[in-house]
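Shown next: upload_12.pdb, given as PDB, C-alpha atoms and all ligand atoms.
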ATOM      1  CA  MET H   1     -20.907  98.538  56.152
ATOM      2  CA  ASN H   2     -17.107  98.254  55.851
ATOM      3  CA  LYS H   3     -15.640  95.181  54.182
ATOM      4  CA  LYS H   4     -13.249  93.053  56.186
ATOM      5  CA  VAL H   5      -9.955  93.293  54.246
ATOM      6  CA  ALA H   6      -6.839  91.147  54.780
ATOM      7  CA  ILE H   7      -3.370  92.292  53.718
ATOM      8  CA  VAL H   8      -0.970  89.695  52.314
ATOM      9  CA  THR H   9       2.607  90.102  51.161
ATOM     10  CA  ASP H  10       5.639  87.928  50.497
ATOM     11  CA  SER H  11       8.841  87.525  52.483
ATOM     12  CA  THR H  12      10.883  89.876  50.295
ATOM     13  CA  ALA H  13       9.307  92.939  51.926
ATOM     14  CA  TYR H  14      11.410  91.865  54.964
ATOM     15  CA  ILE H  15       8.939  93.262  57.496
ATOM     16  CA  PRO H  16       9.894  92.233  61.041
ATOM     17  CA  VAL H  17       7.599  89.569  62.489
ATOM     18  CA  GLU H  18       6.467  91.772  65.428
ATOM     19  CA  ILE H  19       5.248  94.455  63.021
ATOM     20  CA  ARG H  20       3.498  91.841  60.870
ATOM     21  CA  LYS H  21       1.736  90.464  63.940
ATOM     22  CA  ASP H  22       0.815  93.878  65.213
ATOM     23  CA  LEU H  23      -0.703  95.003  61.910
ATOM     24  CA  GLN H  24      -2.112  91.555  61.029
ATOM     25  CA  ILE H  25      -0.084  91.260  57.841
ATOM     26  CA  GLU H  26       0.044  87.764  56.333
ATOM     27  CA  MET H  27       3.360  86.731  54.773
ATOM     28  CA  VAL H  28       4.026  83.999  52.187
ATOM     29  CA  PRO H  29       7.730  83.056  51.998
ATOM     30  CA  LEU H  30       9.881  82.613  48.903
ATOM     31  CA  ASN H  31      12.549  79.893  48.925
ATOM     32  CA  VAL H  32      16.316  79.711  48.766
ATOM     33  CA  ILE H  33      17.821  76.469  47.504
ATOM     34  CA  PHE H  34      21.343  75.329  48.361
ATOM     35  CA  GLY H  35      22.017  72.167  46.328
ATOM     36  CA  GLU H  36      19.255  69.710  47.323
ATOM     37  CA  GLU H  37      18.139  71.687  50.368
ATOM     38  CA  SER H  38      15.293  74.184  50.155
ATOM     39  CA  PHE H  39      14.613  76.794  52.851
ATOM     40  CA  GLN H  40      11.655  79.143  53.285
ATOM     41  CA  GLU H  41      13.315  82.464  54.020
ATOM     42  CA  GLU H  42      12.401  84.227  57.270
ATOM     43  CA  LEU H  43      10.925  80.914  58.536
ATOM     44  CA  ASP H  44      13.612  78.199  58.258
ATOM     45  CA  LEU H  45      16.628  80.362  57.441
ATOM     46  CA  THR H  46      17.572  83.677  59.000
ATOM     47  CA  THR H  47      19.423  86.336  57.063
ATOM     48  CA  ASP H  48      22.554  85.877  59.214
ATOM     49  CA  GLN H  49      22.513  82.107  58.665
ATOM     50  CA  PHE H  50      22.116  82.691  54.940
ATOM     51  CA  TYR H  51      25.124  84.993  54.537
ATOM     52  CA  LYS H  52      27.288  82.598  56.596
ATOM     53  CA  LYS H  53      26.159  79.701  54.424
ATOM     54  CA  MET H  54      26.928  81.721  51.279
ATOM     55  CA  GLU H  55      30.547  82.081  52.378
ATOM     56  CA  THR H  56      31.152  78.345  52.539
ATOM     57  CA  ALA H  57      28.624  76.905  50.072
ATOM     58  CA  GLU H  58      30.216  74.870  47.283
ATOM     59  CA  GLU H  59      27.479  75.864  44.901
ATOM     60  CA  LEU H  60      25.788  79.270  44.843
ATOM     61  CA  PRO H  61      22.123  79.193  45.898
ATOM     62  CA  LYS H  62      19.055  79.595  43.710
ATOM     63  CA  THR H  63      15.628  80.988  44.552
ATOM     64  CA  SER H  64      12.032  80.064  43.814
ATOM     65  CA  GLN H  65       8.625  81.668  44.180
ATOM     66  CA  PRO H  66       6.056  80.211  46.598
ATOM     67  CA  ALA H  67       3.895  77.371  45.297
ATOM     68  CA  ILE H  68       0.381  78.485  44.216
ATOM     69  CA  GLY H  69      -0.997  76.078  46.835
ATOM     70  CA  GLN H  70       0.443  78.224  49.637
ATOM     71  CA  PHE H  71      -1.592  81.191  48.452
ATOM     72  CA  VAL H  72      -4.699  79.040  47.914
ATOM     73  CA  GLU H  73      -4.437  77.671  51.460
ATOM     74  CA  LEU H  74      -3.945  81.137  52.941
ATOM     75  CA  PHE H  75      -6.836  82.732  51.007
ATOM     76  CA  GLU H  76      -9.111  79.848  52.054
ATOM     77  CA  GLN H  77      -8.172  80.346  55.699
ATOM     78  CA  LEU H  78      -8.823  84.074  55.408
ATOM     79  CA  ALA H  79     -12.255  83.433  53.863
ATOM     80  CA  LYS H  80     -13.053  81.074  56.738
ATOM     81  CA  LYS H  81     -12.049  83.780  59.222
ATOM     82  CA  GLY H  82     -14.662  86.063  57.683
ATOM     83  CA  TYR H  83     -12.478  88.259  55.460
ATOM     84  CA  GLU H  84     -14.328  89.414  52.352
ATOM     85  CA  GLN H  85     -11.402  90.908  50.426
ATOM     86  CA  VAL H  86      -7.631  90.435  50.198
ATOM     87  CA  VAL H  87      -5.077  92.929  48.927
ATOM     88  CA  THR H  88      -1.996  90.871  48.066
ATOM     89  CA  ILE H  89       1.135  92.988  47.558
ATOM     90  CA  HIS H  90       4.268  91.557  45.915
ATOM     91  CA  LEU H  91       7.731  92.058  44.538
ATOM     92  CA  SER H  92       7.909  93.109  40.907
ATOM     93  CA  SER H  93       6.222  90.679  38.507
ATOM     94  CA  GLN H  94       9.144  91.311  36.123
ATOM     95  CA  ILE H  95      11.635  89.611  38.458
ATOM     96  CA  SER H  96       9.513  86.866  40.083
ATOM     97  CA  GLY H  97       6.404  84.817  39.344
ATOM     98  CA  THR H  98       5.122  85.394  42.900
ATOM     99  CA  TYR H  99       2.586  88.085  41.961
ATOM    100  CA  GLN H 100       1.178  85.943  39.147
ATOM    101  CA  SER H 101       0.898  82.917  41.479
ATOM    102  CA  ALA H 102      -1.025  84.973  44.008
ATOM    103  CA  LEU H 103      -3.431  86.186  41.311
ATOM    104  CA  SER H 104      -3.950  82.661  39.957
ATOM    105  CA  ALA H 105      -4.620  81.393  43.482
ATOM    106  CA  GLY H 106      -7.122  84.226  43.941
ATOM    107  CA  ASP H 107      -9.063  82.961  40.902
ATOM    108  CA  MET H 108      -9.205  79.481  42.422
ATOM    109  CA  VAL H 109     -10.660  80.419  45.813
ATOM    110  CA  GLU H 110     -14.361  81.089  46.313
ATOM    111  CA  GLY H 111     -15.978  83.352  48.854
ATOM    112  CA  ILE H 112     -13.270  86.021  48.986
ATOM    113  CA  GLU H 113     -12.239  88.683  46.457
ATOM    114  CA  VAL H 114      -8.484  88.841  45.813
ATOM    115  CA  PHE H 115      -6.905  92.053  44.480
ATOM    116  CA  GLY H 116      -3.221  92.123  43.508
ATOM    117  CA  PHE H 117      -0.767  95.001  43.716
ATOM    118  CA  ASP H 118       2.504  94.723  41.787
ATOM    119  CA  THR H 119       4.957  96.995  43.611
ATOM    120  CA  GLU H 120       7.367  96.905  40.610
ATOM    121  CA  VAL H 121      10.166  96.792  43.191
ATOM    122  CA  SER H 122      10.997  94.680  46.280
ATOM    123  CA  CYS H 123      12.389  94.912  49.852
ATOM    124  CA  ALA H 124      11.890  98.072  51.978
ATOM    125  CA  PRO H 125      10.018 100.059  49.319
ATOM    126  CA  GLN H 126       7.648  97.079  48.982
ATOM    127  CA  ALA H 127       7.160  97.250  52.745
ATOM    128  CA  TYR H 128       6.104 100.924  52.486
ATOM    129  CA  TYR H 129       3.065  99.849  50.454
ATOM    130  CA  VAL H 130       2.287  96.896  52.724
ATOM    131  CA  LEU H 131       2.386  98.974  55.918
ATOM    132  CA  GLU H 132       0.231 101.704  54.404
ATOM    133  CA  ALA H 133      -2.266  99.097  53.165
ATOM    134  CA  ALA H 134      -2.424  97.449  56.598
ATOM    135  CA  ARG H 135      -3.006 100.762  58.364
ATOM    136  CA  SER H 136      -5.710 101.713  55.863
ATOM    137  CA  ALA H 137      -7.426  98.325  56.238
ATOM    138  CA  GLU H 138      -7.350  98.763  60.004
ATOM    139  CA  ALA H 139      -8.933 102.199  59.585
ATOM    140  CA  GLY H 140     -11.790 100.638  57.592
ATOM    141  CA  ALA H 141     -10.761 101.227  53.952
ATOM    142  CA  ASP H 142     -11.920  98.670  51.370
ATOM    143  CA  ALA H 143      -9.694  97.066  48.721
ATOM    144  CA  ASN H 144     -10.383  99.692  46.056
ATOM    145  CA  GLU H 145      -9.598 102.570  48.391
ATOM    146  CA  ILE H 146      -6.387 100.852  49.450
ATOM    147  CA  LEU H 147      -5.306 100.187  45.847
ATOM    148  CA  GLU H 148      -5.993 103.799  44.931
ATOM    149  CA  LYS H 149      -3.744 104.970  47.758
ATOM    150  CA  LEU H 150      -0.960 102.566  46.777
ATOM    151  CA  ALA H 151      -1.108 103.691  43.141
ATOM    152  CA  PHE H 152      -0.772 107.283  44.341
ATOM    153  CA  MET H 153       2.240 106.388  46.503
ATOM    154  CA  LYS H 154       3.990 104.878  43.461
ATOM    155  CA  LYS H 155       4.389 108.376  42.029
ATOM    156  CA  THR H 156       6.904 109.406  44.675
ATOM    157  CA  ALA H 157       8.535 106.065  45.517
ATOM    158  CA  LYS H 158      12.237 105.902  44.737
ATOM    159  CA  ALA H 159      14.720 103.047  45.135
ATOM    160  CA  TYR H 160      18.334 102.754  44.043
ATOM    161  CA  PHE H 161      20.903 100.078  44.820
ATOM    162  CA  MET H 162      24.498  99.103  44.159
ATOM    163  CA  VAL H 163      26.095  95.695  44.068
ATOM    164  CA  ASP H 164      29.675  94.711  44.734
ATOM    165  CA  ASN H 165      29.790  92.956  41.370
ATOM    166  CA  LEU H 166      27.167  92.278  38.739
ATOM    167  CA  ASN H 167      27.772  88.542  38.452
ATOM    168  CA  HIS H 168      25.000  87.457  40.843
ATOM    169  CA  LEU H 169      22.364  89.544  39.089
ATOM    170  CA  HIS H 170      23.576  88.454  35.698
ATOM    171  CA  ARG H 171      23.741  84.767  36.667
ATOM    172  CA  GLY H 172      20.170  84.884  38.008
ATOM    173  CA  GLY H 173      18.953  86.518  34.787
ATOM    174  CA  ARG H 174      17.413  89.492  36.598
ATOM    175  CA  LEU H 175      19.400  92.163  34.850
ATOM    176  CA  SER H 176      17.863  93.876  31.853
ATOM    177  CA  GLY H 177      20.080  95.435  29.216
ATOM    178  CA  ALA H 178      22.828  93.511  27.416
ATOM    179  CA  GLN H 179      25.281  96.379  27.867
ATOM    180  CA  LEU H 180      25.682  95.313  31.474
ATOM    181  CA  VAL H 181      27.642  92.238  30.503
ATOM    182  CA  VAL H 182      30.247  94.625  29.197
ATOM    183  CA  GLY H 183      29.830  96.756  32.317
ATOM    184  CA  SER H 184      30.705  93.845  34.573
ATOM    185  CA  LEU H 185      33.848  93.182  32.579
ATOM    186  CA  LEU H 186      34.912  96.757  33.036
ATOM    187  CA  LYS H 187      34.280  96.522  36.783
ATOM    188  CA  ILE H 188      31.952  99.480  36.660
ATOM    189  CA  LYS H 189      29.732  99.908  39.729
ATOM    190  CA  PRO H 190      26.481 101.135  38.275
ATOM    191  CA  ILE H 191      23.680 102.574  40.336
ATOM    192  CA  LEU H 192      20.735 100.305  39.571
ATOM    193  CA  HIS H 193      17.015 100.928  39.809
ATOM    194  CA  PHE H 194      13.683  99.626  38.558
ATOM    195  CA  GLU H 195      12.045 100.813  35.380
ATOM    196  CA  GLU H 196       8.545  99.450  34.808
ATOM    197  CA  GLY H 197       9.425  96.649  37.203
ATOM    198  CA  SER H 198      12.693  95.578  35.553
ATOM    199  CA  ILE H 199      16.188  96.152  36.913
ATOM    200  CA  VAL H 200      18.206  98.499  34.725
ATOM    201  CA  PRO H 201      21.252 100.707  35.261
ATOM    202  CA  PHE H 202      20.377 104.214  36.367
ATOM    203  CA  GLU H 203      23.843 105.688  35.994
ATOM    204  CA  LYS H 204      27.291 104.229  35.544
ATOM    205  CA  VAL H 205      29.610 105.357  38.297
ATOM    206  CA  ARG H 206      33.162 104.135  38.795
ATOM    207  CA  THR H 207      33.463 104.244  42.550
ATOM    208  CA  GLU H 208      31.118 103.535  45.426
ATOM    209  CA  LYS H 209      31.973 106.880  47.001
ATOM    210  CA  LYS H 210      30.699 108.688  43.899
ATOM    211  CA  ALA H 211      27.638 106.475  43.769
ATOM    212  CA  LEU H 212      26.733 107.292  47.396
ATOM    213  CA  ALA H 213      27.232 111.008  46.803
ATOM    214  CA  ARG H 214      24.931 110.763  43.787
ATOM    215  CA  LEU H 215      22.223 108.994  45.838
ATOM    216  CA  LEU H 216      22.293 111.786  48.408
ATOM    217  CA  GLU H 217      22.017 114.335  45.613
ATOM    218  CA  LEU H 218      18.933 112.522  44.261
ATOM    219  CA  LEU H 219      17.381 112.434  47.715
ATOM    220  CA  GLU H 220      18.055 116.150  48.097
ATOM    221  CA  GLN H 221      16.345 116.909  44.775
ATOM    222  CA  ASP H 222      13.133 115.283  46.019
ATOM    223  CA  VAL H 223      13.259 116.502  49.602
ATOM    224  CA  SER H 224      13.879 120.095  48.503
ATOM    225  CA  GLN H 225      10.483 120.091  46.759
ATOM    226  CA  GLY H 226       8.824 120.120  50.181
ATOM    227  CA  GLY H 227       6.791 117.623  52.191
ATOM    228  CA  ASN H 228       7.826 114.965  54.666
ATOM    229  CA  TYR H 229       9.898 112.008  53.555
ATOM    230  CA  TYR H 230      10.969 108.710  55.061
ATOM    231  CA  ALA H 231      13.992 106.810  53.812
ATOM    232  CA  THR H 232      15.474 103.350  54.301
ATOM    233  CA  VAL H 233      19.060 102.210  53.924
ATOM    234  CA  ILE H 234      19.089  98.546  52.888
ATOM    235  CA  HIS H 235      22.133  96.315  53.211
ATOM    236  CA  ALA H 236      23.300  92.823  52.352
ATOM    237  CA  ASN H 237      25.312  91.759  55.415
ATOM    238  CA  ARG H 238      26.891  95.189  55.683
ATOM    239  CA  LEU H 239      25.437  96.839  58.762
ATOM    240  CA  ASP H 240      28.398  99.191  59.316
ATOM    241  CA  GLY H 241      28.059 100.629  55.795
ATOM    242  CA  ALA H 242      24.303 101.004  56.269
ATOM    243  CA  GLU H 243      24.751 102.751  59.621
ATOM    244  CA  GLN H 244      27.258 105.176  58.139
ATOM    245  CA  LEU H 245      24.925 106.085  55.294
ATOM    246  CA  ALA H 246      21.961 106.439  57.678
ATOM    247  CA  GLN H 247      24.036 108.760  59.877
ATOM    248  CA  THR H 248      25.022 110.913  56.894
ATOM    249  CA  ILE H 249      21.359 111.200  55.909
ATOM    250  CA  ASN H 250      20.416 112.097  59.485
ATOM    251  CA  GLU H 251      23.012 114.846  59.582
ATOM    252  CA  ARG H 252      22.286 116.239  56.141
ATOM    253  CA  PHE H 253      18.498 115.834  56.155
ATOM    254  CA  PRO H 254      17.438 115.993  59.822
ATOM    255  CA  HIS H 255      13.765 116.175  58.870
ATOM    256  CA  VAL H 256      13.883 112.875  56.921
ATOM    257  CA  GLU H 257      12.976 109.840  59.028
ATOM    258  CA  VAL H 258      15.665 107.190  58.342
ATOM    259  CA  ASP H 259      15.487 103.496  59.020
ATOM    260  CA  ILE H 260      17.741 100.503  58.263
ATOM    261  CA  SER H 261      16.542  97.298  56.607
ATOM    262  CA  TYR H 262      18.208  94.342  54.903
ATOM    263  CA  PHE H 263      18.389  92.295  51.749
ATOM    264  CA  GLY H 264      17.353  88.879  53.068
ATOM    265  CA  PRO H 265      18.238  85.456  51.635
ATOM    266  CA  VAL H 266      16.193  85.538  48.408
ATOM    267  CA  ILE H 267      17.236  89.015  47.349
ATOM    268  CA  GLY H 268      20.776  88.481  48.723
ATOM    269  CA  THR H 269      21.097  85.474  46.384
ATOM    270  CA  HIS H 270      20.594  87.792  43.411
ATOM    271  CA  LEU H 271      22.600  90.780  44.648
ATOM    272  CA  GLY H 272      25.453  89.256  46.648
ATOM    273  CA  ALA H 273      26.850  90.286  50.037
ATOM    274  CA  GLY H 274      28.006  93.871  50.399
ATOM    275  CA  SER H 275      25.200  95.416  48.342
ATOM    276  CA  LEU H 276      23.660  98.656  49.564
ATOM    277  CA  GLY H 277      20.365 100.285  48.659
ATOM    278  CA  LEU H 278      18.511 103.475  49.472
ATOM    279  CA  SER H 279      14.786 104.001  49.080
ATOM    280  CA  TRP H 280      12.497 106.849  50.025
ATOM    281  CA  GLN H 281       8.892 107.855  49.906
ATOM    282  CA  LYS H 282       6.903 111.024  50.449
ATOM    283  CA  GLN H 283       4.564 110.845  53.413
ATOM    284  CA  TYR H 284       0.876 111.524  52.784
ATOM    285  CA  THR H 285      -1.289 112.124  55.838
TER     286      THR H 285
HETATM  287  C1  LIG R 301      12.180  84.206  42.614
HETATM  288  O1  LIG R 301      12.908  83.202  42.506
HETATM  289  O2  LIG R 301      11.011  84.211  42.193
HETATM  290  C2  LIG R 301      12.735  85.455  43.278
HETATM  291  C3  LIG R 301      13.565  86.287  42.370
HETATM  292  C4  LIG R 301      14.095  87.527  43.047
HETATM  293  C5  LIG R 301      14.964  88.374  42.149
HETATM  294  C6  LIG R 301      15.594  89.525  42.896
HETATM  295  C7  LIG R 301      16.398  90.458  42.026
HETATM  296  C8  LIG R 301      17.012  91.612  42.803
HETATM  297  C9  LIG R 301      16.044  92.589  43.394
HETATM  298  C10 LIG R 301      16.687  93.802  44.016
HETATM  299  C11 LIG R 301      15.724  94.606  44.833
HETATM  300  C12 LIG R 301      16.260  95.923  45.315
HETATM  301  C13 LIG R 301      15.211  96.771  46.001
HETATM  302  C14 LIG R 301      15.722  98.087  46.489
END

C-alpha cells encoding of this file:
Amino acid sequence: MNKKVAIVTDSTAYIPVEIRKDLQIEMVPLNVIFGEESFQEELDLTTDQFYKKMETAEELPKTSQPAIGQFVELFEQLAKKGYEQVVTIHLSSQISGTYQSALSAGDMVEGIEVFGFDTEVSCAPQAYYVLEAARSAEAGADANEILEKLAFMKKTAKAYFMVDNLNHLHRGGRLSGAQLVVGSLLKIKPILHFEEGSIVPFEKVRTEKKALARLLELLEQDVSQGGNYYATVIHANRLDGAEQLAQTINERFPHVEVDISYFGPVIGTHLGAGSLGLSWQKQYT
C-alpha cells in the first residue's frame, strides 16, 4: 500500500501559487524586514512591491527564516489530513537556518515522518526538485524513492548568477571567501555559484557581456553531451535582460526548454536589483 506523502518547500523556490495549488505543494514563507515592519514574502509582499520599496527605503532590508512553529503547525495539519510522510525541500542550509528549522519541527511532531532535502541552492533550481518531488508523490512514490530521485538530479543541476555589485551579499554575510572583499573594491563582476551549499566565485569576469557569453558556453558544454535539458533565466527586477537572455538561449539551443523566473524579496535582499541567474537541469523520464 502506497504511503500518503506531502511535499513542503519554502518561499524561496518562487513557485507560482497556481502551480503549488495544482500539485498540492505546501509553502512556508521566509520574511523580509524593513525597519520595524516584517513581511512574509509571497503572502504579504509581492516581488514588485519589494523592489519599489527597496528604491525608497531609508534602511536596507534584512531577512529571517520561518519560525519553527510554522513548520510544526503545518506538519500537524498534514498528519491530521492523513499524510504519513513529508518531504520538506529547502534552500541551502549553508545560507539559511530554514532547513534546520524544518528538521527540528519534524522531530517535534508525532504521527508523521518528516524527511528533509537540502537543495544546496535556492530559487528556480530549488523549484526543479520540488516539482519533481510533487509529481513523484502524485504518482505514488514514497519518501525514500523521492529522495533517491532528488539526489540523482543533484548530479546534473547547475546554477550560476551575477550581481550588479557584491555589497548586498557581503553585507548579509552570505559570501564565502575573503578574496571577494577585494573583488568588490576592484568592481569585478564575478560569476557566482554554489559549492557544497555555500556561495563562492566561479570565475572572475570583468564585464557582464563576457559573463553571459561564458554562461552560454557552460550550458553548451552540458547540452552537447546529449539528453534533454530545461533551463531557467532568473532576474531581480530586470525582466528585459531576462527576456533577452532567454531569447538567445532559444535561438542557440532550440531543443532546450527555457523559462523565466525571479529573485523574490528574500533573495533580492541579498543580491540586489539587476542580478541575473541561469540554471539548468537534465531531464530524466
Ligand atoms: C534567511 O534569512 O534565512 C534567508 C537568507 C537567504 C540568503 C540568500 C543568499 C543569496 C542566494 C542566491 C541564490 C541564487 C540561486 C540561483

Practice problem: Given the file shown, enumerate the residues that the PyMOL selection byres (((chain H and resi 60-66) around 8) and not hetatm) captures and present them as an MDAnalysis selection string. | Solution: chainID H and resid 28:35 54 57:59 67:68 70:71 96:98 101 172 266 269

Please save C-alpha atoms of the selected residues as a PDB file, in the frame of the given file.
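The result, written out as part.pdb:
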ATOM      1  CA  VAL H  28       4.026  83.999  52.187  1.00  0.00           C
ATOM      2  CA  PRO H  29       7.730  83.056  51.998  1.00  0.00           C
ATOM      3  CA  LEU H  30       9.881  82.613  48.903  1.00  0.00           C
ATOM      4  CA  ASN H  31      12.549  79.893  48.925  1.00  0.00           C
ATOM      5  CA  VAL H  32      16.316  79.711  48.766  1.00  0.00           C
ATOM      6  CA  ILE H  33      17.821  76.469  47.504  1.00  0.00           C
ATOM      7  CA  PHE H  34      21.343  75.329  48.361  1.00  0.00           C
ATOM      8  CA  GLY H  35      22.017  72.167  46.328  1.00  0.00           C
ATOM      9  CA  MET H  54      26.928  81.721  51.279  1.00  0.00           C
ATOM     10  CA  ALA H  57      28.624  76.905  50.072  1.00  0.00           C
ATOM     11  CA  GLU H  58      30.216  74.870  47.283  1.00  0.00           C
ATOM     12  CA  GLU H  59      27.479  75.864  44.901  1.00  0.00           C
ATOM     13  CA  ALA H  67       3.895  77.371  45.297  1.00  0.00           C
ATOM     14  CA  ILE H  68       0.381  78.485  44.216  1.00  0.00           C
ATOM     15  CA  GLN H  70       0.443  78.224  49.637  1.00  0.00           C
ATOM     16  CA  PHE H  71      -1.592  81.191  48.452  1.00  0.00           C
ATOM     17  CA  SER H  96       9.513  86.866  40.083  1.00  0.00           C
ATOM     18  CA  GLY H  97       6.404  84.817  39.344  1.00  0.00           C
ATOM     19  CA  THR H  98       5.122  85.394  42.900  1.00  0.00           C
ATOM     20  CA  SER H 101       0.898  82.917  41.479  1.00  0.00           C
ATOM     21  CA  GLY H 172      20.170  84.884  38.008  1.00  0.00           C
ATOM     22  CA  VAL H 266      16.193  85.538  48.408  1.00  0.00           C
ATOM     23  CA  THR H 269      21.097  85.474  46.384  1.00  0.00           C
TER      24      THR H 269
END

Using all atoms listed in the file, what table do you get, as a tab-separated table, when you list each residue of chain H with an atom no more than 9 Å from ligand LIG 301 (chain R), its nearest pair of atoms, and their distance in Å rounded to one decimal, rows by chain then rising number?
residue	atom	partner	partner_atom	distance
H:Thr12	CA	R:LIG301	C4	8.3
H:Leu30	CA	R:LIG301	C1	6.9
H:Asn31	CA	R:LIG301	O1	7.2
H:Val32	CA	R:LIG301	O1	7.9
H:Lys62	CA	R:LIG301	O1	7.2
H:Thr63	CA	R:LIG301	O1	4.1
H:Ser64	CA	R:LIG301	O1	3.5
H:Gln65	CA	R:LIG301	O2	4.0
H:Pro66	CA	R:LIG301	O2	7.7
H:Leu91	CA	R:LIG301	C4	8.0
H:Ser92	CA	R:LIG301	C9	8.5
H:Ser93	CA	R:LIG301	O2	8.9
H:Gln94	CA	R:LIG301	C5	8.9
H:Ile95	CA	R:LIG301	C5	5.1
H:Ser96	CA	R:LIG301	O2	3.7
H:Gly97	CA	R:LIG301	O2	5.5
H:Thr98	CA	R:LIG301	O2	6.0
H:Val121	CA	R:LIG301	C13	5.8
H:Ser122	CA	R:LIG301	C13	4.7
H:Cys123	CA	R:LIG301	C13	5.1
H:Ala124	CA	R:LIG301	C14	6.7
H:Pro125	CA	R:LIG301	C14	6.7
H:Gln126	CA	R:LIG301	C13	8.1
H:Lys158	CA	R:LIG301	C14	8.7
H:Ala159	CA	R:LIG301	C14	5.2
H:Tyr160	CA	R:LIG301	C14	5.9
H:Phe161	CA	R:LIG301	C14	5.8
H:Met162	CA	R:LIG301	C12	8.9
H:Leu169	CA	R:LIG301	C7	6.7
H:Gly172	CA	R:LIG301	C5	7.5
H:Gly173	CA	R:LIG301	C5	8.6
H:Arg174	CA	R:LIG301	C7	5.6
H:Leu175	CA	R:LIG301	C7	8.0
H:Leu192	CA	R:LIG301	C12	8.5
H:His193	CA	R:LIG301	C14	7.4
H:Phe194	CA	R:LIG301	C13	8.1
H:Ile199	CA	R:LIG301	C9	7.4
H:Ile234	CA	R:LIG301	C14	7.2
H:Phe263	CA	R:LIG301	C12	7.7
H:Val266	CA	R:LIG301	C4	6.1
H:Ile267	CA	R:LIG301	C6	4.8
H:Gly268	CA	R:LIG301	C8	7.7
H:Thr269	CA	R:LIG301	C6	7.7
H:His270	CA	R:LIG301	C7	5.2
H:Leu271	CA	R:LIG301	C8	5.9
H:Leu276	CA	R:LIG301	C14	8.5
H:Gly277	CA	R:LIG301	C14	5.6
H:Leu278	CA	R:LIG301	C14	6.8
H:Ser279	CA	R:LIG301	C14	6.5

Exercise. Point out the residue among H:Glu203, H:Asp164, H:Glu84, H:Glu76 with the least atom-to-atom distance to Ile112 of chain H, counting all atoms listed in the file.
Key: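 When distances to Ile112 of chain H are compared using all atoms listed in the file, the smallest one comes from H:Glu84.
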
Quiz prompt | Counting only C-alpha atoms, the residue of H:Lys155, H:Ala102, H:Ser198, H:Ser11 that sits nearest Met27 of chain H | solution = H:Ser11

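Take the candidates H:Val86, H:Leu74, H:Gln49, H:Gly272 and check each one against Asn167 of chain H using all atoms listed in the file; the shortest distance goes to H:Gly272.
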
Using all atoms listed in the file, collect all residues at a distance of at most 12 Å from (17.0, 114.7, 60.6) as written in the file, then present them as an mmCIF file with C-alpha atoms, keeping the file's coordinate frame.
data_model
loop_
_atom_site.group_PDB
_atom_site.id
_atom_site.type_symbol
_atom_site.label_atom_id
_atom_site.label_comp_id
_atom_site.auth_asym_id
_atom_site.auth_seq_id
_atom_site.Cartn_x
_atom_site.Cartn_y
_atom_site.Cartn_z
ATOM 1 C CA VAL H 223 13.259 116.502 49.602
ATOM 2 C CA ASN H 228 7.826 114.965 54.666
ATOM 3 C CA TYR H 229 9.898 112.008 53.555
ATOM 4 C CA TYR H 230 10.969 108.710 55.061
ATOM 5 C CA ALA H 231 13.992 106.810 53.812
ATOM 6 C CA ALA H 246 21.961 106.439 57.678
ATOM 7 C CA GLN H 247 24.036 108.760 59.877
ATOM 8 C CA THR H 248 25.022 110.913 56.894
ATOM 9 C CA ILE H 249 21.359 111.200 55.909
ATOM 10 C CA ASN H 250 20.416 112.097 59.485
ATOM 11 C CA GLU H 251 23.012 114.846 59.582
ATOM 12 C CA ARG H 252 22.286 116.239 56.141
ATOM 13 C CA PHE H 253 18.498 115.834 56.155
ATOM 14 C CA PRO H 254 17.438 115.993 59.822
ATOM 15 C CA HIS H 255 13.765 116.175 58.870
ATOM 16 C CA VAL H 256 13.883 112.875 56.921
ATOM 17 C CA GLU H 257 12.976 109.840 59.028
ATOM 18 C CA VAL H 258 15.665 107.190 58.342
ATOM 19 C CA ASP H 259 15.487 103.496 59.020
#

Edge lengths and centre in Å, axis-aligned, segment 28-36 of chain H plus 5 Å each side, as lines of an AutoDock Vina configuration file:
center_x = 13.0
center_y = 76.9
center_z = 49.3
size_x = 28.0
size_y = 24.3
size_z = 15.9

Practice problem: To one decimal in Å, tell me the separation between atom CA of Ser136 of chain H and atom CA of Glu220 of chain H. | Solution: 28.9 Å

Quiz item: If we count all atoms listed in the file, what is near Gly82 of chain H at a cut-off of 10 Å, once residues fewer than 2 positions away on the same chain are taken out, given as a PyMOL selection string?
Solution: chain H and resi 3-6+77-80+84-85+111-112

Quiz prompt | Selection dump of the PyMOL selection byres (((chain H and resi 50) around 9) and not hetatm), as a list in words | solution =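 What the PyMOL selection byres (((chain H and resi 50) around 9) and not hetatm) grabs from the file is Val32, Glu41, Leu45, Thr46, Thr47, Asp48, Gln49, Tyr51, Lys52, Lys53, Met54, Glu55, Gly264, Pro265 and Gly268 of chain H.
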
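The interatomic distance for the pair atom CA of Ser261 of chain H and atom CA of Ala236 of chain H works out to 9.2 Å.
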
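Counting only C-alpha atoms and comparing H:Ala13, H:Ile260, H:Ala133, H:Val8, the residue that lies closest to Leu103 of chain H is H:Val8.
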
Practice problem: Evaluate the PyMOL selection byres (((chain H and resi 142) around 12) and not hetatm) on the structure here and hand back the selected residues as an NGL selection string. | Solution: :H and (1-7 or 83-87 or 113-115 or 133-141 or 143-149)

Quiz prompt | Straight-line distance linking atom CA of Glu196 of chain H with atom CA of Glu120 of chain H, stated in Å to one decimal | solution =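 These atoms are spaced 6.4 Å apart.
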